[in-house]
Number of protein chains: 2
Amino acid sequence: MPSTWRRWLPSLPIADWGRRYDREALVGDAVAALIVTIMLIPQGLAYALLAGLPAEVGLYASVAPLLLYAVLGTSRVLAVGPVAVVSLMTAAAIGEHAVAGSPAYWSAAITLAFLSGAMLLAMGLLRLGFLANFLSHPVISGFISASGLLIAASQLKTLMGVQAEGHGLVPLLAALAGQAAHTHWLTLAVGLLTMGFLFWVRKGLKPLLTAWGLGPRLADVIAKAGPVAAIAATTGLAWGLDWQAQGVKIVGTIPQGLPPLTLPEWDPALWRQLALPALLISIVGFVESVSVGQTLAAKRRQRIEPDQELVALGASNLSAALTGGFPVTGGFARSVVNFDAGARTPAAGVFTALGITLASLLLTPALYYLPQATLSATIIVAVLSLVDLGMLKRTWHYAKPDFAAVASTLIATLALGVETGLVVGVGVSLALYLWRTSRPHIATVGLVPGTQHFRNVLRHAVVVSPRLVSLRVDESLYFANARSLEDRVNDAVATMPELRHVVLQCSAINDIDASALESLEAIDHRLREAGVALSLSEVKGPVMDKLQRTGLPRQLGGGIFLTHYQAVSTLAPEVLELAPPGQCPPCCRQSNGEE
Amino acid sequence: MPSTWRRWLPSLPIADWGRRYDREALVGDAVAALIVTIMLIPQGLAYALLAGLPAEVGLYASVAPLLLYAVLGTSRVLAVGPVAVVSLMTAAAIGEHAVAGSPAYWSAAITLAFLSGAMLLAMGLLRLGFLANFLSHPVISGFISASGLLIAASQLKTLMGVQAEGHGLVPLLAALAGQAAHTHWLTLAVGLLTMGFLFWVRKGLKPLLTAWGLGPRLADVIAKAGPVAAIAATTGLAWGLDWQAQGVKIVGTIPQGLPPLTLPEWDPALWRQLALPALLISIVGFVESVSVGQTLAAKRRQRIEPDQELVALGASNLSAALTGGFPVTGGFARSVVNFDAGARTPAAGVFTALGITLASLLLTPALYYLPQATLSATIIVAVLSLVDLGMLKRTWHYAKPDFAAVASTLIATLALGVETGLVVGVGVSLALYLWRTSRPHIATVGLVPGTQHFRNVLRHAVVVSPRLVSLRVDESLYFANARSLEDRVNDAVATMPELRHVVLQCSAINDIDASALESLEAIDHRLREAGVALSLSEVKGPVMDKLQRTGLPRQLGGGIFLTHYQAVSTLAPEVLELAPPGQCPPCCRQSNGEE
């Protein structure tokens, strides 16, 4: 059924930009590809080491995925490849099942990329991109900050030249403190100087170059090449001064050649163990990729298509699994670089893949003497920019539930690891949302004299009657909050002996589910037994459509009124006598959108 | 710190009704207690057997819990004791760990009651009663119906006089079908005749008695004694015709005496295994009990206090654990009987406990020849009244998500058992709620000519401008739906080339969380880059308070307006020229609360 397939499989984005490809786009793409290649080589090596894999795997993971994304992706400038957080998650997922550096470990990483790719592809074909919306900004922010701190901490041992392991930030730092006496001082010096240099390149080099009269574009390119300069310099020094003999750990032999052809392990037990990590990696990778893609697309009034992005990232990860790589996604820094350097189309990704291929064919012998501490310094500088602890302060200031979501994700990730941390964060943010909607704001409202408006009796000088109570529910009614309304109505009946009418103003009720409907029926029934009539006012169209399908509108002790004013003027006309129409009172004119 | 304790532990309800106890209340309570005792004896025996326990345990569980509830409970008429659904859940929880009928099994049941009691007490002291609100009506309905079917099916083997086991409804029925050839026909005849008699007592006896001139109250009491009559008759026949010799299974020796003093097992492994079942039993028991209590309390304009009910049910279950019982809760049928028979205060529960004690001291030898099939018939007739498959039809008609919640709970409970079924039901109902709120109704609105009202452009004849788009979001903005709004705004910008203003009408937005705030900032930023200004109108007070604490109101490309009309008349005055004020048009006057 090819027509069915065509409906499910969106048309390829390449068909759109490929037809209009011209010389100008070619130049932009080629320049951007050159810069991204220079940036991606050290990042690829470093993130592969972070994931516990041989350095060259980082290069393998930066070829085929870029090609696949160029064909299938909807972002014009997204640069796909190994990224810090996903590499950390990969290490956490595989570390439990295999020894870092072993063939079984690499094999598990390939399998993880395969599973993650298959899941992304399936989610894309089933149009499940909306699932990523359930990762709230506070959770993402807390998770990324904690991951950045964990990654930086994990690199300290390479920087110090010691061995230390620990699950969670505190045990890791404690282990490092215990090893402080064994610090290899030359290694540490190389690492710290590289870090200092890289921070200076980030902050100080570009203004300096501009002051020297270089154009801002050229200054930017030179500043982006900072990590490459650090690598070249420390590799040269390590070779010239024979640092290896003095105990500095170097990268060593990186095999030359094209990415190998590989297959995932067909081991059901391994698949079961990796299923949850693969799902979390898929979702985190997708969210990171889509946020970057959307931000950059909007700058040129372009759009990206989340479900097609899932397909593209899925195919990228499957291709990583078939070419010896590990899980990849769209990276933030490199995509921004790609965009700023003038990439016009996904062809820039194809050129980048070509550059990485050339590098892995020709350049790897030159990296033999590269100190591992240099790569660790590169990682630390890159990930510390991900840490945003200011989010804690901002959310504390804005709303406590959001603060709770950031803090719990941050703490859980630091203490319990990336997978548990993410699950805790999503759980907490959903629980807080449900908790909030389960206790809705219900205002008793009264008539603002001289108008047809009803406002909160606690905030405004309004007119009310002892025979009628008006309640405005500021939330859709559903099972978790239906009982709150029952309680509020019961309170009103218990405290107002003269009560004859309860009118619910439904202007903020966007839905009433079956549980809430039963609650309304129960409220109506109980009120009737107490000699009180229930009425509704300002029911929205879609809600009214649903209620019409039930017996409620006919059973209701009172009635359903178009406006709340109409309800009150029919049921308790004495209120109108207390508030004659006329000049709008000051409380009404001054009110600035309150309630 | 006694003052702290007094704050946490609510004042005892008995202090309220005990002081005003009089002769009239005494008579009402005593009569009601007699009727409930007669009803509770066969039920206690039957539900103990259903839970896989010796019959006398049902009597033990109907003494101490009633006394504790009388002291601590807030419902005047709730009758506590073994109930069908909780007994089924008890059997499901313990069946995995011990053989029914063994001492270890009974011991585990006692431990389950202890854990459940401790959990209920803790939830009460921590004021966690609101958690029960997350069990929606559709989930409860599906769960109770499925439990009723499972219980009825589980009794068929006793009715047929065969052995058959199966996990889930279909395997159980298949096992019974396989045993059909071994049916013990006399047992089946006794069971079916008893069932027929009990159904007739329910439907046909009372009208008949009334027709014979008996008062409706007396007719009711006689009808309620139906199960006792069935028990007396079949026990007599079994004794007189020596049915035991013909292979009819009888109840046999029920030990005479007071409930024994017992302690739960102090076995951490068992506690871990029973923790989840105990929690689910606690919540189901609490929800059942509170619904009954609330319904009956409302009839007399009384109230019950959910958190105090947790304390009372917790103490009841703890006392059940200390006196050889198993998990108990407030039962629906017996509470209604208690209420109808004129119970005025919880003293009726004390008298009932006294009646059951007398029965277990004196009556048990008389039950030696009671056929087990009679008890099974009693159970089947009782639980089939719980099955409400009409709920499927009603929710299908009302709203598909509610139908999905009923159907998935029903099917999961029937197929996977009570615990999994309940967890699936809660998960599905929460997921459906989140899914719905994650795709909010966003209407493009326009000015109704001659008014200051804005209505959906798809439903009404309204005036709009190509330079300004008005969007009304019918949901609070939170992380799961923030992107929907971004998409909708992006669409508007992409399709309206002349667009200069986007105004969000915020009248139905009850909250904006940190994620949605970032989305609004992102929307504002992107719109500005595209030369479009974002404005807000009709922002509610609490939402405005939050926004004031951020930079948004100052950064906004447009402004924040008190009313939507004000926003449009300021930003796109040409709309007003197209819709001069004057006579309210028919579309406005006829609209019956739509949107």
# chains A, B, ... in the order shown; residues from 1 in each chain; ligands from 1

$ residues_around --residues "Ser515 in chain B" --least-positions-apart "4" --cutoff "9 Å" --atoms "only C-alpha atoms" --output "PyMOL selection string"
(chain A and resi 136-138+402) or (chain B and resi 477-480+482+519-520)

$ closest_residue --among "B:His397, B:His501, B:Lys540, B:Arg526" --to "Leu296 in chain A" --atoms "only C-alpha atoms"
B:Arg526

$ residues_around --residues "range 109-118 of chain A" --least-positions-apart "4" --cutoff "9 Å" --atoms "only C-alpha atoms" --output "ChimeraX atom specification"
/A:51,53,90-91,93-94,104-105,122-123,262-266,270-271,274-275,277-282,310-311,313-328

$ atom_distance --atom1 "CA of Leu552 in chain B" --atom2 "CA of Phe286 in chain A"
28.0 Å
